[in-house]
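Data from work.pdb: PDB, C-alpha atoms, pLDDT in the B column
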```pdb
MODEL        1
ATOM      1  CA  MET A   1      10.293   2.586  -0.234  1.00 84.00           C
ATOM      2  CA  ASN A   2      12.581   1.488   2.523  1.00 84.00           C
ATOM      3  CA  LEU A   3      13.729  -1.886   1.185  1.00 92.00           C
ATOM      4  CA  LYS A   4      17.480  -1.237   1.358  1.00 92.00           C
ATOM      5  CA  ASP A   5      18.117  -4.218   3.600  1.00 94.00           C
ATOM      6  CA  TRP A   6      16.483  -6.582   1.093  1.00 96.00           C
ATOM      7  CA  ASP A   7      18.361  -8.518  -1.580  1.00 97.00           C
ATOM      8  CA  ILE A   8      16.064  -8.018  -4.582  1.00 97.00           C
ATOM      9  CA  HIS A   9      16.623  -9.477  -8.043  1.00 97.00           C
ATOM     10  CA  VAL A  10      14.605  -8.846 -11.179  1.00 97.00           C
ATOM     11  CA  ASP A  11      14.398 -11.517 -13.866  1.00 98.00           C
ATOM     12  CA  LEU A  12      12.830 -11.299 -17.306  1.00 98.00           C
ATOM     13  CA  VAL A  13      10.558 -14.298 -17.732  1.00 97.00           C
ATOM     14  CA  ARG A  14       8.541 -15.701 -20.594  1.00 97.00           C
ATOM     15  CA  ALA A  15       4.746 -15.528 -20.487  1.00 96.00           C
ATOM     16  CA  ASP A  16       4.388 -19.263 -19.798  1.00 96.00           C
ATOM     17  CA  LYS A  17       6.236 -18.778 -16.471  1.00 95.00           C
ATOM     18  CA  LEU A  18       3.619 -16.270 -15.242  1.00 96.00           C
ATOM     19  CA  GLU A  19       0.025 -16.711 -14.186  1.00 94.00           C
ATOM     20  CA  PRO A  20      -2.426 -16.058 -17.041  1.00 93.00           C
ATOM     21  CA  LYS A  21      -3.228 -12.365 -17.577  1.00 91.00           C
ATOM     22  CA  THR A  22      -0.317 -11.188 -15.409  1.00 93.00           C
ATOM     23  CA  LEU A  23       2.811  -9.255 -16.334  1.00 95.00           C
ATOM     24  CA  GLY A  24       4.923 -10.111 -13.313  1.00 97.00           C
ATOM     25  CA  ASN A  25       5.207 -11.788  -9.950  1.00 97.00           C
ATOM     26  CA  ILE A  26       7.270 -11.734  -6.797  1.00 97.00           C
ATOM     27  CA  HIS A  27       8.530 -14.416  -4.457  1.00 96.00           C
ATOM     28  CA  TRP A  28      10.073 -13.447  -1.141  1.00 96.00           C
ATOM     29  CA  ASP A  29      11.601 -14.914   1.971  1.00 95.00           C
ATOM     30  CA  THR A  30      11.121 -12.559   4.921  1.00 92.00           C
ATOM     31  CA  ASP A  31      13.637 -14.443   7.083  1.00 93.00           C
ATOM     32  CA  LEU A  32      16.400 -14.057   4.481  1.00 96.00           C
ATOM     33  CA  LYS A  33      15.116 -10.661   3.314  1.00 95.00           C
ATOM     34  CA  ALA A  34      15.456 -11.872  -0.256  1.00 97.00           C
ATOM     35  CA  ALA A  35      13.048 -11.441  -3.137  1.00 97.00           C
ATOM     36  CA  THR A  36      12.887 -12.202  -6.834  1.00 98.00           C
ATOM     37  CA  ILE A  37      10.642 -10.263  -9.169  1.00 98.00           C
ATOM     38  CA  GLY A  38       9.688 -11.854 -12.468  1.00 98.00           C
ATOM     39  CA  VAL A  39       8.785  -9.404 -15.252  1.00 98.00           C
ATOM     40  CA  LEU A  40       7.370 -10.346 -18.625  1.00 97.00           C
ATOM     41  CA  SER A  41      10.159 -10.596 -21.192  1.00 97.00           C
ATOM     42  CA  PRO A  42      10.206  -8.060 -24.048  1.00 97.00           C
ATOM     43  CA  GLU A  43       9.890 -11.037 -26.396  1.00 96.00           C
ATOM     44  CA  ASP A  44       6.306 -11.523 -25.215  1.00 96.00           C
ATOM     45  CA  TYR A  45       5.188  -7.876 -25.251  1.00 95.00           C
ATOM     46  CA  LYS A  46       3.015  -6.571 -28.022  1.00 92.00           C
ATOM     47  CA  LEU A  47       3.307  -2.897 -27.048  1.00 94.00           C
ATOM     48  CA  PRO A  48       5.457  -0.188 -28.638  1.00 96.00           C
ATOM     49  CA  TYR A  49       8.911   0.148 -27.069  1.00 96.00           C
ATOM     50  CA  LYS A  50       8.214   3.162 -24.770  1.00 96.00           C
ATOM     51  CA  ALA A  51       4.875   1.727 -23.610  1.00 96.00           C
ATOM     52  CA  MET A  52       6.583  -1.607 -22.915  1.00 97.00           C
ATOM     53  CA  LEU A  53       9.262   0.055 -20.765  1.00 97.00           C
ATOM     54  CA  ASP A  54       6.623   2.040 -18.859  1.00 96.00           C
ATOM     55  CA  ASP A  55       4.651  -1.147 -18.284  1.00 96.00           C
ATOM     56  CA  MET A  56       7.722  -3.019 -17.067  1.00 97.00           C
ATOM     57  CA  GLU A  57       8.546  -0.166 -14.688  1.00 97.00           C
ATOM     58  CA  PHE A  58       4.981  -0.200 -13.326  1.00 97.00           C
ATOM     59  CA  THR A  59       5.168  -3.981 -12.877  1.00 97.00           C
ATOM     60  CA  ILE A  60       8.391  -3.735 -10.860  1.00 97.00           C
ATOM     61  CA  VAL A  61       7.017  -0.978  -8.622  1.00 97.00           C
ATOM     62  CA  HIS A  62       3.761  -2.929  -8.229  1.00 97.00           C
ATOM     63  CA  GLU A  63       5.678  -5.994  -7.047  1.00 97.00           C
ATOM     64  CA  LEU A  64       7.819  -3.879  -4.692  1.00 97.00           C
ATOM     65  CA  VAL A  65       4.631  -2.545  -3.097  1.00 96.00           C
ATOM     66  CA  HIS A  66       3.547  -6.160  -2.535  1.00 94.00           C
ATOM     67  CA  LEU A  67       6.888  -6.736  -0.822  1.00 95.00           C
ATOM     68  CA  GLU A  68       6.413  -3.665   1.369  1.00 93.00           C
ATOM     69  CA  LEU A  69       3.024  -5.074   2.427  1.00 92.00           C
ATOM     70  CA  ALA A  70       4.341  -8.619   2.940  1.00 87.00           C
ATOM     71  CA  SER A  71       3.961  -8.488   6.703  1.00 85.00           C
ATOM     72  CA  LEU A  72       0.203  -7.845   6.499  1.00 86.00           C
ATOM     73  CA  PRO A  73      -2.227 -10.762   6.725  1.00 85.00           C
ATOM     74  CA  ARG A  74      -3.267 -12.107   3.322  1.00 83.00           C
ATOM     75  CA  SER A  75      -6.114 -14.278   2.167  1.00 86.00           C
ATOM     76  CA  GLU A  76      -7.749 -15.286  -1.086  1.00 85.00           C
ATOM     77  CA  ALA A  77     -10.747 -13.174  -0.049  1.00 84.00           C
ATOM     78  CA  SER A  78      -8.626 -10.007   0.271  1.00 83.00           C
ATOM     79  CA  ARG A  79      -6.592 -10.580  -2.899  1.00 86.00           C
ATOM     80  CA  ARG A  80      -8.768  -8.500  -5.250  1.00 88.00           C
ATOM     81  CA  VAL A  81      -8.867  -5.551  -2.842  1.00 90.00           C
ATOM     82  CA  GLU A  82      -5.120  -5.830  -2.249  1.00 91.00           C
ATOM     83  CA  GLU A  83      -4.396  -5.825  -5.992  1.00 92.00           C
ATOM     84  CA  HIS A  84      -6.486  -2.687  -6.442  1.00 93.00           C
ATOM     85  CA  ALA A  85      -4.703  -0.930  -3.554  1.00 94.00           C
ATOM     86  CA  VAL A  86      -1.274  -2.030  -4.807  1.00 95.00           C
ATOM     87  CA  ASN A  87      -2.073  -0.700  -8.296  1.00 95.00           C
ATOM     88  CA  GLU A  88      -3.159   2.659  -6.863  1.00 97.00           C
ATOM     89  CA  ILE A  89      -0.054   2.957  -4.660  1.00 96.00           C
ATOM     90  CA  ALA A  90       2.290   1.970  -7.509  1.00 97.00           C
ATOM     91  CA  ASP A  91       0.649   4.505  -9.815  1.00 96.00           C
ATOM     92  CA  ALA A  92       0.941   7.242  -7.169  1.00 96.00           C
ATOM     93  CA  LEU A  93       4.623   6.444  -6.520  1.00 96.00           C
ATOM     94  CA  LEU A  94       5.462   6.581 -10.225  1.00 96.00           C
ATOM     95  CA  ASN A  95       3.570   9.854 -10.656  1.00 94.00           C
ATOM     96  CA  LEU A  96       5.472  11.352  -7.717  1.00 92.00           C
ATOM     97  CA  ALA A  97       8.805  10.189  -9.132  1.00 91.00           C
ATOM     98  CA  ARG A  98       8.012  11.688 -12.549  1.00 89.00           C
ATOM     99  CA  HIS A  99       7.101  15.080 -11.089  1.00 87.00           C
ATOM    100  CA  GLN A 100      10.158  15.640  -8.912  1.00 79.00           C
TER     101      GLN A 100
ENDMDL
END
```

Represent the structure of the file as structure tokens.
Amino acid sequence: MNLKDWDIHVDLVRADKLEPKTLGNIHWDTDLKAATIGVLSPEDYKLPYKAMLDDMEFTIVHELVHLELASLPRSEASRRVEEHAVNEIADALLNLARHQ
């Protein structure tokens, strides 16, 4: 993804700082080209170590895809469809990266 001109930080956050049933989030400012990704802290994971790392990686890529799509119009009505598309794109990107 072409996000080189963005200042992106990743923070580990506790579960109570995330929306229920989520593993991460992103907040961005398009004017400043700055973003912060929150990823569930290892302290709150209940997965084996390798599965946890894979999940954290997926979460970061998922949130970066959201950032890439930030300029598109968004609405509550399109949120479910957007999440599905973002999941599919993130999965495809990770599969490509693993097979290079």

### Task
Pick out the closest residue to A:Asn2 from this set: A:Asp54, A:Ile60, A:Asp29, A:Leu67. Count all atoms listed in the file.
A:Leu67

### Message
Can you pull out the residues contacting stretch 7-17 of chain A? Cut-off 7 Å, using all atoms listed in the file, and skip same-chain residues under 6 positions away; I want them as an MDAnalysis selection string.
### Response
chainID A and resid 33:41 44

### Query
Excluding same-chain residues fewer than 5 positions from A:Ala97, what lies within 12 Å of it counting all atoms listed in the file, as a PyMOL selection string?
chain A and resi 1+57-58+61+90-92

What would the selection look like, as an mmCIF file with C-alpha atoms, keeping the file's coordinate frame, if the PyMOL selection byres ((chain A and resi 23) around 8) were run on the coordinates I just shared?
```cif
data_model
loop_
_atom_site.group_PDB
_atom_site.id
_atom_site.type_symbol
_atom_site.label_atom_id
_atom_site.label_comp_id
_atom_site.auth_asym_id
_atom_site.auth_seq_id
_atom_site.Cartn_x
_atom_site.Cartn_y
_atom_site.Cartn_z
ATOM 1 C CA ALA A 15 4.746 -15.528 -20.487
ATOM 2 C CA LEU A 18 3.619 -16.270 -15.242
ATOM 3 C CA LYS A 21 -3.228 -12.365 -17.577
ATOM 4 C CA THR A 22 -0.317 -11.188 -15.409
ATOM 5 C CA GLY A 24 4.923 -10.111 -13.313
ATOM 6 C CA ASN A 25 5.207 -11.788 -9.950
ATOM 7 C CA VAL A 39 8.785 -9.404 -15.252
ATOM 8 C CA LEU A 40 7.370 -10.346 -18.625
ATOM 9 C CA MET A 56 7.722 -3.019 -17.067
ATOM 10 C CA THR A 59 5.168 -3.981 -12.877
#
```

In the coordinates of the file, take the point (-1.9, 1.4, -3.8) and a cut-off of 12 Å; then, counting only C-alpha atoms, name each qualifying protein, DNA or RNA residue as a PDB file with C-alpha atoms, in the coordinates of the input.
```
ATOM      1  CA  PHE A  58       4.981  -0.200 -13.326  1.00 97.00           C
ATOM      2  CA  VAL A  61       7.017  -0.978  -8.622  1.00 97.00           C
ATOM      3  CA  HIS A  62       3.761  -2.929  -8.229  1.00 97.00           C
ATOM      4  CA  GLU A  63       5.678  -5.994  -7.047  1.00 97.00           C
ATOM      5  CA  LEU A  64       7.819  -3.879  -4.692  1.00 97.00           C
ATOM      6  CA  VAL A  65       4.631  -2.545  -3.097  1.00 96.00           C
ATOM      7  CA  HIS A  66       3.547  -6.160  -2.535  1.00 94.00           C
ATOM      8  CA  GLU A  68       6.413  -3.665   1.369  1.00 93.00           C
ATOM      9  CA  LEU A  69       3.024  -5.074   2.427  1.00 92.00           C
ATOM     10  CA  VAL A  81      -8.867  -5.551  -2.842  1.00 90.00           C
ATOM     11  CA  GLU A  82      -5.120  -5.830  -2.249  1.00 91.00           C
ATOM     12  CA  GLU A  83      -4.396  -5.825  -5.992  1.00 92.00           C
ATOM     13  CA  HIS A  84      -6.486  -2.687  -6.442  1.00 93.00           C
ATOM     14  CA  ALA A  85      -4.703  -0.930  -3.554  1.00 94.00           C
ATOM     15  CA  VAL A  86      -1.274  -2.030  -4.807  1.00 95.00           C
ATOM     16  CA  ASN A  87      -2.073  -0.700  -8.296  1.00 95.00           C
ATOM     17  CA  GLU A  88      -3.159   2.659  -6.863  1.00 97.00           C
ATOM     18  CA  ILE A  89      -0.054   2.957  -4.660  1.00 96.00           C
ATOM     19  CA  ALA A  90       2.290   1.970  -7.509  1.00 97.00           C
ATOM     20  CA  ASP A  91       0.649   4.505  -9.815  1.00 96.00           C
ATOM     21  CA  ALA A  92       0.941   7.242  -7.169  1.00 96.00           C
ATOM     22  CA  LEU A  93       4.623   6.444  -6.520  1.00 96.00           C
ATOM     23  CA  LEU A  94       5.462   6.581 -10.225  1.00 96.00           C
TER      24      LEU A  94
END
```

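Computed from the coordinates, the atom CA of A:Ala77 to atom CA of A:Glu19 distance equals 18.1 Å.
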
### Between atom CA of A:Lys50 and atom CA of A:Asn95, distance in Å (one decimal)
16.3 Å

Quick one: axis-aligned box around all listed atoms of stretch 71-81 of chain A, 8 Å on every side, centre and edge lengths in Å to one decimal, written as AutoDock Vina command-line options.
```
--center_x -3.4 --center_y -10.4 --center_z 0.7 --size_x 30.7 --size_y 25.7 --size_z 28.0
```

### Summary
Taken to one decimal, the atom CA of A:Asp5-atom CA of A:Arg98 distance is 24.8 Å
